[in-house]
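Everything on this sheet refers to the single structure shown next.
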Amino acid sequence: MITKNFQRVYIWELPVRIFHWVNVLAILVLITTGLFISNPLAILSSAEASEIYWFGTVRFIHFTAAYIFFFNMIFRIYWSFVGNKYASWRAMLPLHKNWFENFFHVLKVDILLQNEKNPEFSDISVGHNNIAGISYVVLFLLALLQVFTGFGLYSSTSQWWLPQLFAWVVPFLGGDFMARTLHHIATWGFILFIFIHVYLVFYHDWLEGRGEVSSMFGGYKFVNKKRINSKKKSKKIVETEKI
């Protein structure tokens with residue numbers, strides 16, 4: 001049996017964890033209310049529409065969550081430049097020489113469900129693995145599509161300057177129909193990502209036992225001490241817990 005000497009390592013800073021959970025709540029609210037808006041319930045009532053106003057309340061919640069999502073995304077972009085190396089935008093892109101080695105390892109284990117014969121590869125990713133990094137880049141592009149089409153559609157009923165910045169989007173796309181269609185398709189892209197993301201997080205937590213789930217609450221993961229020591233010889237790249 002192969003045993004490892006793990007060391008507790010600080011990976012996810014508090015701002016990253018706050019961003020993550022605010023994003024989770026905002027996306028869940030946006031998806032739920034968005035699906036109601038796209039296919040409203042047929043509620044029969046003898047009361048005046050102004051007295052019920054449930055659909056207006058759903059739209060208000062949707063727009064509020066949209067603002068939270070937007071400013072939260074702006075904050076994450078800022079933190080990708082000032083945070084630690086695990087939060088950096090560089091961690092998402094194929095900028096280092098071992099990127100493809102990491103990519104094919106994750107592809108082999110996550111997608112093809114094969115066992116890794118080289119045990120050292122199980123510790124190849126301390127922060128995001130490379131498939132996760134690329135998937136977050138795709139998710140960011142989907143988020144931009146949602147922001148542009150969402151605020152573009154909202155601009156016709158809002159007088160505030162922020163939505164008005166996106167007033168050109170709907171005419172550019174040829175009208176409301178195309179803007180709503182793209183907005184709706186991107187929503188299903190987020191739904192698909194959620195299912196895959198949750199599955200892989202729990203899968204890695206069970207397979208590797210390095211605190212994948214708890215790290216997004218406390219910020220710490222467990223990394224093979226051998227890997228840390230080998231890295232320290234060339235460059236100090238990890239932040240370990242202070243005693």
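Quick note on naming: the chains in the structure tokens go A, B, ... in the order shown, residues restart at 1 in each chain, and ligands are numbered from 1 in order of appearance.
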
- Item | Long-range neighbours of Val137 (chain A) as a VMD selection string, 9 Å cut-off, only C-alpha atoms, 5 positions minimum in chain | chain A and resid 92 to 93 132 142

- Polymer residues at most 6 Å from region 217-225 of chain A, only C-alpha atoms, same-chain spacing of 2 or more positions, as a ChimeraX atom specification: /A:5-12,210-211,214-215,227-228

Got time to write the residues from that selection, N, CA and C atoms, as a PDB file, in the first residue's frame?
```pdb
ATOM      1  N   ASN A   5       2.556  11.504   2.942  1.00  0.00           N
ATOM      2  CA  ASN A   5       2.635  12.438   4.057  1.00  0.00           C
ATOM      3  C   ASN A   5       2.082  13.774   3.578  1.00  0.00           C
ATOM      4  N   PHE A   6       0.847  14.077   3.971  1.00  0.00           N
ATOM      5  CA  PHE A   6       0.199  15.285   3.488  1.00  0.00           C
ATOM      6  C   PHE A   6       0.509  16.490   4.375  1.00  0.00           C
ATOM      7  N   GLN A   7       0.524  17.657   3.751  1.00  0.00           N
ATOM      8  CA  GLN A   7       0.713  18.916   4.468  1.00  0.00           C
ATOM      9  C   GLN A   7      -0.434  19.860   4.109  1.00  0.00           C
ATOM     10  N   ARG A   8      -0.908  20.574   5.113  1.00  0.00           N
ATOM     11  CA  ARG A   8      -2.023  21.510   4.916  1.00  0.00           C
ATOM     12  C   ARG A   8      -1.508  22.771   4.216  1.00  0.00           C
ATOM     13  N   VAL A   9      -2.152  23.133   3.101  1.00  0.00           N
ATOM     14  CA  VAL A   9      -1.689  24.260   2.285  1.00  0.00           C
ATOM     15  C   VAL A   9      -2.850  25.217   2.024  1.00  0.00           C
ATOM     16  N   TYR A  10      -2.578  26.511   2.173  1.00  0.00           N
ATOM     17  CA  TYR A  10      -3.606  27.537   1.969  1.00  0.00           C
ATOM     18  C   TYR A  10      -3.720  27.833   0.477  1.00  0.00           C
ATOM     19  N   ILE A  11      -4.859  27.485  -0.121  1.00  0.00           N
ATOM     20  CA  ILE A  11      -5.051  27.627  -1.558  1.00  0.00           C
ATOM     21  C   ILE A  11      -6.000  28.770  -1.904  1.00  0.00           C
ATOM     22  N   TRP A  12      -7.229  28.686  -1.396  1.00  0.00           N
ATOM     23  CA  TRP A  12      -8.265  29.649  -1.783  1.00  0.00           C
ATOM     24  C   TRP A  12      -8.389  30.750  -0.741  1.00  0.00           C
ATOM     25  N   ARG A 210      -8.048  15.070  -0.707  1.00  0.00           N
ATOM     26  CA  ARG A 210      -7.241  16.247  -0.377  1.00  0.00           C
ATOM     27  C   ARG A 210      -8.085  17.441   0.058  1.00  0.00           C
ATOM     28  N   GLY A 211      -9.340  17.182   0.398  1.00  0.00           N
ATOM     29  CA  GLY A 211     -10.183  18.269   0.906  1.00  0.00           C
ATOM     30  C   GLY A 211     -10.716  19.181  -0.169  1.00  0.00           C
ATOM     31  N   SER A 214     -14.125  20.786   1.206  1.00  0.00           N
ATOM     32  CA  SER A 214     -13.935  21.658   2.375  1.00  0.00           C
ATOM     33  C   SER A 214     -13.032  22.849   2.076  1.00  0.00           C
ATOM     34  N   SER A 215     -12.197  22.759   1.040  1.00  0.00           N
ATOM     35  CA  SER A 215     -11.277  23.860   0.719  1.00  0.00           C
ATOM     36  C   SER A 215     -12.022  25.127   0.330  1.00  0.00           C
ATOM     37  N   ARG A 227       5.892  16.614  -2.803  1.00  0.00           N
ATOM     38  CA  ARG A 227       5.727  17.559  -3.899  1.00  0.00           C
ATOM     39  C   ARG A 227       6.077  18.970  -3.458  1.00  0.00           C
ATOM     40  N   ILE A 228       5.656  19.340  -2.236  1.00  0.00           N
ATOM     41  CA  ILE A 228       5.950  20.677  -1.722  1.00  0.00           C
ATOM     42  C   ILE A 228       7.446  20.878  -1.562  1.00  0.00           C
TER      43      ILE A 228
END
```

Please identify the alpha helix (DSSP H) residues within region 11-91 of chain A (assignment by DSSP from backbone atoms) and present them as a CSV table (one decimal) with N, CA and C atoms, in the first residue's frame.
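Saved to states01.csv:
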```csv
chain,number,residue,atom,x,y,z
A,14,LEU,N,-9.8,34.2,1.1
A,14,LEU,CA,-11.2,34.5,1.5
A,14,LEU,C,-12.0,35.2,0.4
A,15,PRO,N,-11.4,36.2,-0.3
A,15,PRO,CA,-12.2,36.9,-1.3
A,15,PRO,C,-12.6,35.9,-2.4
A,16,VAL,N,-11.8,34.9,-2.7
A,16,VAL,CA,-12.1,33.9,-3.7
A,16,VAL,C,-13.3,33.0,-3.3
A,17,ARG,N,-13.3,32.7,-2.0
A,17,ARG,CA,-14.3,31.8,-1.4
A,17,ARG,C,-15.7,32.6,-1.4
A,18,ILE,N,-15.6,33.9,-1.0
A,18,ILE,CA,-16.8,34.7,-1.0
A,18,ILE,C,-17.3,34.9,-2.4
A,19,PHE,N,-16.5,35.1,-3.3
A,19,PHE,CA,-16.9,35.2,-4.7
A,19,PHE,C,-17.6,33.9,-5.2
A,20,HIS,N,-17.1,32.8,-4.8
A,20,HIS,CA,-17.6,31.5,-5.2
A,20,HIS,C,-19.0,31.3,-4.7
A,21,TRP,N,-19.3,31.6,-3.4
A,21,TRP,CA,-20.6,31.3,-2.9
A,21,TRP,C,-21.6,32.4,-3.3
A,22,VAL,N,-21.2,33.6,-3.4
A,22,VAL,CA,-22.1,34.6,-3.9
A,22,VAL,C,-22.5,34.3,-5.3
A,23,ASN,N,-21.5,33.8,-6.1
A,23,ASN,CA,-21.8,33.4,-7.5
A,23,ASN,C,-22.8,32.2,-7.6
A,24,VAL,N,-22.6,31.3,-6.7
A,24,VAL,CA,-23.5,30.1,-6.6
A,24,VAL,C,-24.9,30.6,-6.4
A,25,LEU,N,-25.1,31.4,-5.4
A,25,LEU,CA,-26.5,31.9,-5.0
A,25,LEU,C,-27.0,32.7,-6.2
A,26,ALA,N,-26.2,33.6,-6.7
A,26,ALA,CA,-26.7,34.5,-7.8
A,26,ALA,C,-27.1,33.6,-9.0
A,27,ILE,N,-26.3,32.7,-9.4
A,27,ILE,CA,-26.6,31.8,-10.6
A,27,ILE,C,-27.9,31.0,-10.4
A,28,LEU,N,-28.0,30.4,-9.2
A,28,LEU,CA,-29.2,29.6,-8.9
A,28,LEU,C,-30.5,30.5,-9.0
A,29,VAL,N,-30.4,31.7,-8.4
A,29,VAL,CA,-31.6,32.6,-8.5
A,29,VAL,C,-31.8,33.0,-9.9
A,30,LEU,N,-30.8,33.3,-10.7
A,30,LEU,CA,-31.0,33.7,-12.0
A,30,LEU,C,-31.6,32.6,-12.9
A,31,ILE,N,-31.1,31.4,-12.7
A,31,ILE,CA,-31.6,30.3,-13.5
A,31,ILE,C,-33.1,30.0,-13.2
A,32,THR,N,-33.4,30.0,-11.9
A,32,THR,CA,-34.8,29.7,-11.4
A,32,THR,C,-35.7,30.8,-11.9
A,33,THR,N,-35.4,32.0,-11.7
A,33,THR,CA,-36.3,33.1,-12.1
A,33,THR,C,-36.3,33.2,-13.6
A,34,GLY,N,-35.2,33.0,-14.3
A,34,GLY,CA,-35.1,33.1,-15.7
A,34,GLY,C,-36.0,32.1,-16.4
A,35,LEU,N,-36.0,30.9,-15.9
A,35,LEU,CA,-36.9,29.8,-16.5
A,35,LEU,C,-38.4,30.2,-16.3
A,36,PHE,N,-38.7,30.8,-15.1
A,36,PHE,CA,-40.1,31.3,-14.9
A,36,PHE,C,-40.4,32.4,-15.9
A,37,ILE,N,-39.5,33.3,-16.2
A,37,ILE,CA,-39.7,34.4,-17.1
A,37,ILE,C,-39.9,33.9,-18.5
A,38,SER,N,-39.1,32.9,-18.9
A,38,SER,CA,-39.2,32.3,-20.3
A,38,SER,C,-40.4,31.5,-20.5
A,49,ALA,N,-54.3,42.6,-12.3
A,49,ALA,CA,-52.8,42.2,-12.4
A,49,ALA,C,-52.0,43.0,-11.5
A,50,SER,N,-52.4,44.3,-11.3
A,50,SER,CA,-51.6,45.2,-10.5
A,50,SER,C,-51.6,44.8,-9.0
A,51,GLU,N,-52.7,44.0,-8.6
A,51,GLU,CA,-52.8,43.6,-7.3
A,51,GLU,C,-52.0,42.3,-7.0
A,52,ILE,N,-51.9,41.5,-8.1
A,52,ILE,CA,-51.1,40.2,-7.9
A,52,ILE,C,-49.6,40.5,-8.0
A,54,TRP,N,-47.1,39.1,-9.2
A,54,TRP,CA,-46.1,38.1,-8.9
A,54,TRP,C,-45.0,38.0,-9.9
A,55,PHE,N,-45.4,38.2,-11.2
A,55,PHE,CA,-44.5,38.1,-12.3
A,55,PHE,C,-43.5,39.3,-12.2
A,56,GLY,N,-44.0,40.5,-11.8
A,56,GLY,CA,-43.1,41.6,-11.6
A,56,GLY,C,-42.1,41.4,-10.5
A,57,THR,N,-42.6,40.7,-9.5
A,57,THR,CA,-41.7,40.4,-8.4
A,57,THR,C,-40.6,39.4,-8.8
A,58,VAL,N,-40.9,38.4,-9.7
A,58,VAL,CA,-40.0,37.5,-10.2
A,58,VAL,C,-38.9,38.3,-11.0
A,59,ARG,N,-39.4,39.2,-11.9
A,59,ARG,CA,-38.5,40.0,-12.7
A,59,ARG,C,-37.6,40.8,-11.8
A,60,PHE,N,-38.1,41.4,-10.8
A,60,PHE,CA,-37.3,42.2,-9.9
A,60,PHE,C,-36.2,41.4,-9.2
A,61,ILE,N,-36.5,40.2,-8.8
A,61,ILE,CA,-35.5,39.3,-8.2
A,61,ILE,C,-34.5,38.9,-9.2
A,62,HIS,N,-34.9,38.7,-10.4
A,62,HIS,CA,-34.0,38.3,-11.5
A,62,HIS,C,-33.0,39.5,-11.8
A,63,PHE,N,-33.5,40.7,-11.9
A,63,PHE,CA,-32.7,41.8,-12.2
A,63,PHE,C,-31.7,42.1,-11.0
A,64,THR,N,-32.2,42.0,-9.8
A,64,THR,CA,-31.3,42.2,-8.6
A,64,THR,C,-30.2,41.2,-8.6
A,65,ALA,N,-30.5,39.9,-8.8
A,65,ALA,CA,-29.5,38.9,-8.9
A,65,ALA,C,-28.5,39.1,-10.0
A,66,ALA,N,-29.0,39.7,-11.1
A,66,ALA,CA,-28.1,40.0,-12.3
A,66,ALA,C,-27.1,41.1,-11.9
A,67,TYR,N,-27.5,42.1,-11.2
A,67,TYR,CA,-26.6,43.1,-10.7
A,67,TYR,C,-25.5,42.5,-9.8
A,68,ILE,N,-26.0,41.7,-8.9
A,68,ILE,CA,-25.0,41.0,-7.9
A,68,ILE,C,-24.0,40.2,-8.7
A,69,PHE,N,-24.5,39.4,-9.7
A,69,PHE,CA,-23.7,38.6,-10.5
A,69,PHE,C,-22.7,39.4,-11.3
A,70,PHE,N,-23.1,40.5,-11.8
A,70,PHE,CA,-22.3,41.4,-12.6
A,70,PHE,C,-21.1,42.0,-11.8
A,71,PHE,N,-21.5,42.6,-10.7
A,71,PHE,CA,-20.4,43.2,-9.9
A,71,PHE,C,-19.5,42.2,-9.2
A,72,ASN,N,-20.1,41.0,-8.9
A,72,ASN,CA,-19.3,40.0,-8.3
A,72,ASN,C,-18.2,39.5,-9.4
A,73,MET,N,-18.6,39.4,-10.6
A,73,MET,CA,-17.7,39.1,-11.7
A,73,MET,C,-16.6,40.1,-11.9
A,74,ILE,N,-17.0,41.4,-11.8
A,74,ILE,CA,-16.0,42.5,-11.9
A,74,ILE,C,-15.0,42.3,-10.8
A,75,PHE,N,-15.5,42.0,-9.6
A,75,PHE,CA,-14.6,41.8,-8.5
A,75,PHE,C,-13.6,40.7,-8.7
A,76,ARG,N,-14.1,39.6,-9.3
A,76,ARG,CA,-13.3,38.4,-9.5
A,76,ARG,C,-12.2,38.7,-10.5
A,77,ILE,N,-12.5,39.5,-11.5
A,77,ILE,CA,-11.5,39.9,-12.5
A,77,ILE,C,-10.4,40.7,-11.9
A,78,TYR,N,-10.8,41.6,-11.0
A,78,TYR,CA,-9.9,42.4,-10.2
A,78,TYR,C,-9.0,41.5,-9.4
A,79,TRP,N,-9.6,40.5,-8.7
A,79,TRP,CA,-8.8,39.7,-7.8
A,79,TRP,C,-7.9,38.7,-8.6
A,80,SER,N,-8.2,38.5,-9.8
A,80,SER,CA,-7.3,37.6,-10.6
A,80,SER,C,-6.0,38.3,-10.9
A,81,PHE,N,-5.9,39.6,-10.6
A,81,PHE,CA,-4.6,40.3,-10.8
A,81,PHE,C,-3.9,40.6,-9.5
A,82,VAL,N,-4.6,40.6,-8.4
A,82,VAL,CA,-4.0,41.0,-7.1
A,82,VAL,C,-4.0,39.8,-6.1
```

- Note on the structure: CA of Asn98 (chain A) sits from CA of Asn84 (chain A) at a separation of 19.9 Å

- Using only C-alpha atoms, pick whichever of A:Gly189, A:Phe100, A:Asn39, A:Gln159 has the shortest atom-to-atom distance to Val138 (chain A). A:Gly189

- re CA of Arg90 (chain A) and CA of Leu144 (chain A): distance 19.1 Å

- Item | Best match for closeness to Val169 (chain A) among A:His183, A:Thr149, A:Pro40, A:Trp188, counting only C-alpha atoms | A:Thr149

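In this structure, CA of Ala186 (chain A) sits 11.5 Å away from CA of Phe148 (chain A).
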
- Task: Name all residues at most 9 Å from Gln164 (chain A) (count only C-alpha atoms; drop same-chain ones fewer than 6 positions away) and give them as a ChimeraX atom specification.
- Result: /A:151-152,154-156,158

Apply DSSP to the structure's backbone, then extract all residues of region 142-232 of chain A labelled strand (DSSP E or B) and return them as a PDB file with C-alpha atoms, in the first residue's frame.
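And here's out_16.pdb as it stands now:
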```pdb
ATOM      1  CA  TYR A 220      -7.021  24.747   2.798  1.00  0.00           C
ATOM      2  CA  LYS A 221      -6.225  21.619   0.828  1.00  0.00           C
ATOM      3  CA  PHE A 222      -3.882  18.748   1.620  1.00  0.00           C
ATOM      4  CA  VAL A 223      -0.873  18.295  -0.652  1.00  0.00           C
ATOM      5  CA  ASN A 224       1.786  15.601  -0.748  1.00  0.00           C
TER       6      ASN A 224
END
```
